[in-house]
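The structure appears below as structure tokens.
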Amino acid sequence: MSTSVKLAVVAVGLAFVGQAMAKDLTVISFGGANKAAQVKAYYDPFKKVSGINVVGGEYNGEMAKVKAMVDTKSVSWDVLEVESPELARGCDEGLFEKLDYSKIGNKADFVPGAAQQCGVGIFVWSTALAYNADKLKTAPTSWKDFWDVKKFPGKRGLRKGAKYTLEIALMADGVAPKDVYKVLATPAGVDRAFKKLDQLKPSIQWWEAGAQPPQYLASGDVVMSSAYNGRIADAHKEGKNLKVVWNGGMYDFDSWAIPKGSPNKDAAYKFIAFASKPENQKVYSQNIAYGPSNKLAVPMIDKKEMAELPTAPQNMKDAVKVDVGFWADYGESLEQRFNAWASK
Amino acid sequence: MPNPYMSPIERAWFYLHRLLSGLTLLFLVLPVLVIIPLSFNESSFLVYPLTGFSMRWYHDFFTSAEWMRSLKNSLIVAPAATVLAMVFGTLASVGLTRTEFRGKALLMSLLISPMVVPVVIVGVAGYLFFAPLGMDASYTTLILMHAALGVPFVVITVTATLQGFNHNLVRAAASLGASPLRSFFKVTLPLIAPGVISGALFAFGTSFDEVVVTIFIAGPEQATLPRAMFSGIRENLSPTIAAAATLLIAFSVVMLLTLEWLRGRGERLRTQPAKA
Amino acid sequence: MMASSAPMPDHPLTTQDGVPLKTKLARAERMNKLKSLALVLPLALFLLLTFVVPIGSLLLRSVDNPEVVASLPSTVKAIGAWDGKSLPPEPVYRAVAADLIKARDDQTLGDLGKRLNMEVAGYRSLLGKTARALPFDPAPASYKDALVKLDERWGDPAYWQAIRRNGSAHTPFYLLAAVDHRVDDLGDITATTPDQAIYLDVFARTFWMSAVVTVISLLLAYPLAYLLVSLPTRKSNLLMIMVLLPFWTSVLVRVAAWIVLLQSGGLINSALMALGITDHPLQLVFNRVGVYIAMVHILLPFMILPIYSVMKGISPTYLRAAVSLGSHPFGAFWKVYFPQTVAGVGAGCLLVFILSIGYYITPALLGSPNDQMVSYFVAFYTNTTINWGMATALGGLLLAATMVLYMVYSKLVGAGRLRLG
């Protein structure tokens, strides 16, 4: 094959790509079952209604790409799913557009805390204790049981990082959910958390992506794990006997944000408005067990499904709201210490 | 067969050596082979024993928009990177072998270095350099970086082929009035073609298998096949990955056989044993 | 000496146009070299642009420290007058108030807070809180009192030390942190506290794991290479394909395959349990064992090929001669054959070691946190926490180690003589 033919092939290929990218809306989420539910509830119906094709991408919450895109004014992500600490920080650092709620919907329709300056809550998730009911004879009821390797032999999955893990360690050490951040803000509290983690270290298998805990649980690699409740409910639906303990769960919002300077801002607003409508949020919550951010969606969901959601009153009772301000201040030093601790 | 004059210890040693080598070979090929049957297994878990034959994972692969997009991306990026690496690499190899000059060894070390510099560093450096220019998440950057990673392979194989090349042939062509360009295409290139093609295959293979630089440089629109496999392995190790893996294995077998054929051909064509 | 009598004329040989032949030849030779260089030039420029310059700017970035200088310019100027002991004088407080107002309006507060939070945890919220309260209305008599009243942390010299330490656009902070050291409040270089120290361990681990992988690869590769050269060509070619097949197979395919083989319900564990060797599944993956197995598998061909090609050039007659002269076969092998293969062994070991220390994918997918090598942390800081200073400092040190080894390799083996299949 001559070079010119090859170049022609490349040129045709590039033209083809250029065409495919025109007018598409790039929506970046955390992948896995969460993304699958978003495709069903938001991406596909949105395309039908608006004619705008949604290209779904995934990431693990890395803000590096967003920062680079915004700094260079070459934003190729139009709508982004972010967790609250990143949303708050990114809003301060000028990474996200300040939202115009007139283009999205009635601010009062959202559950408290969901409508932020730079982001709109998509759903409420919870990181809770999950276990494989086929492998355990008695059901664990709290993080204290999570630490009890005699009564519940086998490995445990925890998220590889300081966030959530330190809170869990303190709760296992007897700190009441409401006092967790008060204790963790003191050096003695941090030492206490790491000391508690030391006890369990040989039995911990770390996970990084939200899709891993249900797999580890299903394959029997671990018997208990911290996990996003939606992923567990999803695996449960597929016939795996995985269960969630709500006591000591930690909940927060995931939000939509628009990276500053997105060239598709209008379409992005349309998408966010579409995804904030109660009837679409209902479809989402039916596909993955996360609580809707729009109050009006709550009555549309039936009782049985409601019991699986983190926003159900009985599930909220002994849960902790993740403290965004705390992690903004202590995140780096605690993550560094966690890395040092974990790699020893 | 051990020869009959061996002492019992030597004989034992002989068999031990065979056994060890056999186990090493098994170690090398087993993982490649073990994943193939799982791609045809109907169970949605990647475990043996097999439960029944099914093509559903291939169906999944070929109907999934994401896998198809990543396959398409790989088929855009890898050939483009290969062409770049091949053109630059072949020219440079000709330059490197036609005369001796000072600093040649150093230059050679520089041209080969993309092969040894940790890919994470190449990825981070490329990202931090191209992102401020607004050139991250673009096909161009990905192709350029992949070409840079493929260059050493072209340089190595082509210079090796050129060592056995008789430069008098070029002089003869020139004395007969051929322009340098003409003599390159009519005389040099046909003779070194096996080296160029195997270099190109290596460059293609490098790009086709590259994931680290892609993680840093590519956005979701440019995600290549290995990039898709990377998130698949991390997040959801499903039999669709086994199907993708099987297709990649089939692909590598074709590449390998082509290369072996070229090598055999090169060896027959040249009096000197092949260097590559 | 008279010209007429000498057989060799004083005039040197010239070409038709009267230029001395020597000069002409030298010129032709120079032209030839220039032509050669011109052929290499496109590639050299290409690599310069895509490879050398990016890596060079990466190295520079590891000492970059723009945030404080850019966002707190007047504070940095004013703080020079401070003795660094008690609390800074009033002008410094006044300057910080002015700078923070500007930083907030320019949206540079985030970067500044991030940088200073690395020095003292909690700095970010202090800046955010202060910037929200500014400007004071009416302007206070003493900014010092007003700021300390707003937040008592402004009365703690540690927060001011952090600004003073970063009064320059360049800092050794990241490079020092990459070897577990820091500049303390007194300006001395000290070791990081043990609970934050990590990277020296990580570097040691990287080298140790690479060494283990190299040794295992050598132990497996040497006998196999010896078998390959001693077999007849047809057979050895067939076996060679078995070596090259995994070499050509995607690394990710192989990682996936190893997970399938090694997981607790995987083939290896089932086989071990069926054979009665163990009664519960062994942990073979997501730990060091899994990383070693997969890395050896990936790097083994890089060890086999150089050893094989060296062995191929050794005539078997030497060994036979030694044996026929009465040497014990093992002794003969060790004294006669092995020394001739040392070049190949050296080349293979260096290559495998060089490639190992940069590994990222395999440990990331198959290892636990304490199996991660330097590359993992480079990626972690680049992607997850956007701490590019730290990423580039660690990357720079890793690159330096690689380059030293590569230079040794180039000197001993010659870069162009890497064998590929």
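Labels for the structure tokens follow display order: chains A, B, ..., residues from 1 in each chain, ligands from 1.
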| message | Tell me as a count of residues only which residues belonging to chain A come within 10 Å of chain C, counting only C-alpha atoms. | response | 44
Could you work out which residues of chain B fall inside 8 Å of chain A? Count only C-alpha atoms, and format the result as a PDB file with N, CA and C atoms, in the first residue's frame.
```
ATOM      1  N   ILE B  76      -8.071   4.067  13.789  1.00  0.00           N
ATOM      2  CA  ILE B  76      -7.646   5.360  13.239  1.00  0.00           C
ATOM      3  C   ILE B  76      -6.242   5.697  13.736  1.00  0.00           C
ATOM      4  N   PRO B  79      -2.898   3.027  12.668  1.00  0.00           N
ATOM      5  CA  PRO B  79      -2.301   3.167  11.332  1.00  0.00           C
ATOM      6  C   PRO B  79      -1.664   4.542  11.115  1.00  0.00           C
ATOM      7  N   ALA B  80      -2.311   5.595  11.598  1.00  0.00           N
ATOM      8  CA  ALA B  80      -1.739   6.926  11.402  1.00  0.00           C
ATOM      9  C   ALA B  80      -0.401   7.039  12.120  1.00  0.00           C
ATOM     10  N   VAL B  83       2.270   5.098  10.180  1.00  0.00           N
ATOM     11  CA  VAL B  83       2.784   5.770   8.983  1.00  0.00           C
ATOM     12  C   VAL B  83       3.813   6.825   9.370  1.00  0.00           C
ATOM     13  N   ALA B 131      -1.774  19.925  27.017  1.00  0.00           N
ATOM     14  CA  ALA B 131      -3.030  20.450  27.556  1.00  0.00           C
ATOM     15  C   ALA B 131      -3.062  21.982  27.577  1.00  0.00           C
ATOM     16  N   PRO B 132      -1.991  22.650  28.033  1.00  0.00           N
ATOM     17  CA  PRO B 132      -2.031  24.115  28.012  1.00  0.00           C
ATOM     18  C   PRO B 132      -2.178  24.682  26.597  1.00  0.00           C
ATOM     19  N   LEU B 133      -1.793  23.894  25.603  1.00  0.00           N
ATOM     20  CA  LEU B 133      -1.963  24.355  24.232  1.00  0.00           C
ATOM     21  C   LEU B 133      -3.359  24.005  23.715  1.00  0.00           C
ATOM     22  N   GLY B 134      -4.157  23.421  24.596  1.00  0.00           N
ATOM     23  CA  GLY B 134      -5.499  23.018  24.180  1.00  0.00           C
ATOM     24  C   GLY B 134      -5.475  21.817  23.258  1.00  0.00           C
ATOM     25  N   ALA B 137      -6.898  15.563  24.607  1.00  0.00           N
ATOM     26  CA  ALA B 137      -8.162  15.020  24.109  1.00  0.00           C
ATOM     27  C   ALA B 137      -8.327  15.291  22.614  1.00  0.00           C
ATOM     28  N   PRO B 220     -12.864  10.738  26.348  1.00  0.00           N
ATOM     29  CA  PRO B 220     -13.698   9.574  26.058  1.00  0.00           C
ATOM     30  C   PRO B 220     -13.940   9.377  24.561  1.00  0.00           C
ATOM     31  N   GLU B 221     -13.912  10.484  23.799  1.00  0.00           N
ATOM     32  CA  GLU B 221     -14.148  10.350  22.358  1.00  0.00           C
ATOM     33  C   GLU B 221     -12.996   9.626  21.687  1.00  0.00           C
ATOM     34  N   ARG B 234     -10.908  -2.922  35.342  1.00  0.00           N
ATOM     35  CA  ARG B 234     -11.000  -2.303  36.652  1.00  0.00           C
ATOM     36  C   ARG B 234     -12.407  -2.342  37.196  1.00  0.00           C
ATOM     37  N   GLU B 235     -13.373  -2.154  36.309  1.00  0.00           N
ATOM     38  CA  GLU B 235     -14.713  -1.932  36.831  1.00  0.00           C
ATOM     39  C   GLU B 235     -15.621  -3.140  36.714  1.00  0.00           C
ATOM     40  N   ASN B 236     -15.502  -3.843  35.632  1.00  0.00           N
ATOM     41  CA  ASN B 236     -16.482  -4.896  35.432  1.00  0.00           C
ATOM     42  C   ASN B 236     -15.890  -5.970  34.536  1.00  0.00           C
TER      43      ASN B 236
END
```
| said: Considering only alpha helix (DSSP H) as DSSP defines it on the backbone, what residues of stretch 130-181 of chain A qualify? List them as a PyMOL selection string. | reply: chain A and resi 143-147+165-172+180-181
| task | Mind giving me the straight-line distance from atom CA of B:Leu30 to atom CA of C:Leu299 in Å, one decimal? | result | 15.4 Å
| task | Write out as a ChimeraX atom specification the residues lying within 7 Å of A:Phe110, counting only C-alpha atoms and excluding same-chain residues fewer than 2 positions away. | result | /A:107-108,112,114-115,293-295
| request: Find the residues near C:Ser57: any atom within 10 Å, counting only C-alpha atoms, skip ones fewer than 3 places away on the same chain, and give them as an MDAnalysis selection string. | output: (chainID B and resid 125:126 128:129) or (chainID C and resid 52:54 60:62 392)
| said: Please identify all residues of chain C having at least one atom at most 7 Å from any atom of chain B, considering only C-alpha atoms, and return them as an MDAnalysis selection string. | reply: chainID C and resid 33 36:37 39:40 42:43 47 50 54:55 58 220 223:224 242:243 245:246 248:254 256:258 260 265:267 297 354:355 358 365 375 379 395 399 402 410 415:416 419:421
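Atom CA of C:Asn237 to atom CA of C:Met303 spans 17.3 Å [interatomic distance, one decimal].
The shell of residues at most 10 Å from A:Val298, with only C-alpha atoms counted and near chain neighbours (fewer than 2 positions) removed, consists of Pro278, Glu279, Gln281, Lys282, Ser285, Gly291, Pro292, Ser293, Asn294, Lys295, Leu296, Met300, Ile301, Asp302, Lys303, Met306, Thr311 and Ala312 of chain A.
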